[in-house]
Structure formats: C-alpha cells, structure tokens
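*Asks:* Below you'll find my_file-v6.cif; it's mmCIF, C-alpha atoms.
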data_my_file
#
loop_
_atom_site.group_PDB
_atom_site.id
_atom_site.type_symbol
_atom_site.label_atom_id
_atom_site.label_comp_id
_atom_site.auth_asym_id
_atom_site.auth_seq_id
_atom_site.Cartn_x
_atom_site.Cartn_y
_atom_site.Cartn_z
ATOM 1 C CA MET A 1 -17.352 -19.720 -36.736
ATOM 2 C CA ALA A 2 -14.280 -17.563 -36.836
ATOM 3 C CA ALA A 3 -13.964 -14.844 -34.230
ATOM 4 C CA THR A 4 -13.028 -11.420 -35.449
ATOM 5 C CA LEU A 5 -10.317 -9.467 -33.713
ATOM 6 C CA PRO A 6 -11.088 -6.019 -32.315
ATOM 7 C CA ALA A 7 -9.694 -3.029 -34.157
ATOM 8 C CA THR A 8 -6.243 -1.862 -33.096
ATOM 9 C CA PRO A 9 -6.564 1.306 -30.979
ATOM 10 C CA SER A 10 -5.075 4.474 -32.357
ATOM 11 C CA ALA A 11 -2.185 6.302 -30.699
ATOM 12 C CA LYS A 12 -4.655 9.006 -29.646
ATOM 13 C CA ASP A 13 -6.901 6.433 -27.914
ATOM 14 C CA ILE A 14 -3.899 4.911 -26.132
ATOM 15 C CA ALA A 15 -2.715 8.343 -24.967
ATOM 16 C CA GLN A 16 -6.205 9.155 -23.635
ATOM 17 C CA ALA A 17 -6.407 5.823 -21.801
ATOM 18 C CA ASN A 18 -2.947 6.369 -20.283
ATOM 19 C CA ARG A 19 -3.920 9.868 -19.138
ATOM 20 C CA ARG A 20 -7.159 8.594 -17.530
ATOM 21 C CA GLN A 21 -5.236 5.803 -15.820
ATOM 22 C CA GLN A 22 -2.655 8.277 -14.464
ATOM 23 C CA GLU A 23 -5.414 10.590 -13.186
ATOM 24 C CA ALA A 24 -7.147 7.660 -11.468
ATOM 25 C CA TYR A 25 -3.861 6.575 -9.867
ATOM 26 C CA GLU A 26 -3.189 10.086 -8.559
ATOM 27 C CA SER A 27 -6.691 10.262 -7.083
ATOM 28 C CA VAL A 28 -6.371 6.903 -5.306
ATOM 29 C CA ASN A 29 -2.856 7.738 -4.125
ATOM 30 C CA ALA A 30 -4.034 11.047 -2.608
ATOM 31 C CA TRP A 31 -6.857 9.193 -0.820
ATOM 32 C CA PHE A 32 -4.417 6.573 0.512
ATOM 33 C CA ILE A 33 -1.977 9.178 1.825
ATOM 34 C CA ASP A 34 -4.817 10.989 3.623
ATOM 35 C CA TRP A 35 -6.127 7.709 5.069
ATOM 36 C CA ALA A 36 -2.641 6.661 6.197
ATOM 37 C CA GLU A 37 -2.025 9.966 8.012
ATOM 38 C CA VAL A 38 -5.256 9.580 9.982
ATOM 39 C CA LEU A 39 -4.547 5.958 10.919
ATOM 40 C CA ARG A 40 -0.987 6.618 12.080
ATOM 41 C CA SER A 41 -2.314 8.433 15.126
ATOM 42 C CA GLU A 42 -5.072 5.902 15.856
ATOM 43 C CA LEU A 43 -3.501 2.447 15.555
ATOM 44 C CA PRO A 44 -0.876 0.594 17.590
ATOM 45 C CA TYR A 45 2.587 0.377 16.018
ATOM 46 C CA ARG A 46 2.307 -3.333 15.156
ATOM 47 C CA ASP A 47 -0.891 -2.738 13.196
ATOM 48 C CA LEU A 48 0.809 0.060 11.278
ATOM 49 C CA VAL A 49 3.606 -2.357 10.352
ATOM 50 C CA ARG A 50 1.070 -4.973 9.206
ATOM 51 C CA LEU A 51 -0.674 -2.424 7.008
ATOM 52 C CA GLY A 52 2.626 -1.284 5.506
ATOM 53 C CA LEU A 53 2.255 2.271 6.803
ATOM 54 C CA VAL A 54 5.627 2.124 8.574
ATOM 55 C CA GLN A 55 8.711 0.083 7.816
ATOM 56 C CA VAL A 56 10.757 -1.769 10.395
ATOM 57 C CA ARG A 57 14.478 -1.130 10.175
ATOM 58 C CA ARG A 58 16.642 -4.019 11.222
ATOM 59 C CA SER A 59 20.172 -3.231 12.393
ATOM 60 C CA GLY A 60 21.865 -6.379 11.062
ATOM 61 C CA ALA A 61 21.480 -10.031 10.129
ATOM 62 C CA GLY A 62 23.470 -11.302 13.137
ATOM 63 C CA ASP A 63 21.359 -9.497 15.721
ATOM 64 C CA GLU A 64 18.856 -11.352 17.827
ATOM 65 C CA PRO A 65 15.203 -10.824 16.877
ATOM 66 C CA GLU A 66 13.174 -8.393 18.940
ATOM 67 C CA THR A 67 11.178 -10.046 21.705
ATOM 68 C CA THR A 68 8.441 -8.733 23.925
ATOM 69 C CA PRO A 69 8.845 -9.394 27.657
ATOM 70 C CA GLU A 70 6.216 -11.651 29.229
ATOM 71 C CA GLY A 71 3.123 -9.729 30.207
ATOM 72 C CA ALA A 72 4.021 -6.716 28.085
ATOM 73 C CA SER A 73 1.416 -5.179 25.812
ATOM 74 C CA THR A 74 1.930 -5.785 22.093
ATOM 75 C CA GLY A 75 -1.115 -3.886 20.860
ATOM 76 C CA ASP A 76 -2.775 -7.157 19.783
ATOM 77 C CA GLU A 77 -5.196 -7.197 22.698
ATOM 78 C CA LEU A 78 -7.848 -5.106 20.926
#
Kindly return the structure encoded in the file as structure tokens.
*Replies:*
Amino acid sequence: MAATLPATPSAKDIAQANRRQQEAYESVNAWFIDWAEVLRSELPYRDLVRLGLVQVRRSGAGDEPETTPEGASTGDEL
C-alpha cells in the first residue's frame, strides 16, 4: 500500500495560518505580561529570577559570587 501525500497548501492558506498563529502569539503574550506584572509584587526576588521575570546582572567574571550571610532570609522558606 502506497501512502498518498497531502495536497500542497496554497499561498492563501499559508498566509491565513501565519496570521492566526501571530494573533494567537499576541494573545498569549498579552496574558503573560499581565500575569508577570501581578506576580512581581507577590513573589520573593529569587522566585522571580527562577521564573525569568527579572534578569540578574553580573558586574564581571572576576568578581566573587553573591553569598547570603548565615541565618539570612533567601525567600526559599515558603
């Protein structure tokens, strides 16, 4: 049994699919931005870094890594 190949989509079908994909992306992106703004005020800084909602800026490769003093809160206690 030989399998038949599906018909090649037309340029119009491809343009429609691209437009629907772009609209879906914009909708999800708007939801994510709204969600991220709400969480920024609710979560500890370390959790925001883990979720990728903030970026950590490092001053240089030769600097010592940041450490938390013993007994200090890191926000992981929740």
*Asks:* What does the distance from CA of Trp31 in chain A to CA of Arg58 in chain A come to in Å, to one decimal?
*Replies:*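 So the answer is 29.5 Å.
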*Asks:* Which value, in Å to one decimal, gives the distance between CA of Tyr45 in chain A and CA of Ser27 in chain A?
*Replies:*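 Distance between the two atoms: 26.8 Å.
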*Asks:* For CA of Leu48 in chain A and CA of Asp34 in chain A, quote the distance in Å rounded to one decimal.
*Replies:*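 CA of Asp34 in chain A lies 14.5 Å from CA of Leu48 in chain A.
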*Asks:* Edge lengths and centre in Å to one decimal, as JSON, is what I'm after for the box along x, y and z that holds all listed atoms of range 13-25 of chain A once 4 Å is added on each side.
*Replies:*
{"center_x": -4.9, "center_y": 7.8, "center_z": -18.9, "size_x": 12.5, "size_y": 13.7, "size_z": 26.0}
*Asks:* Selected by the PyMOL selection byres ((chain A and resi 54-57) around 12) in the shown coordinates: which residues, as a ChimeraX atom specification?
*Replies:* /A:36-37,39-40,43-53,58-61,65-66
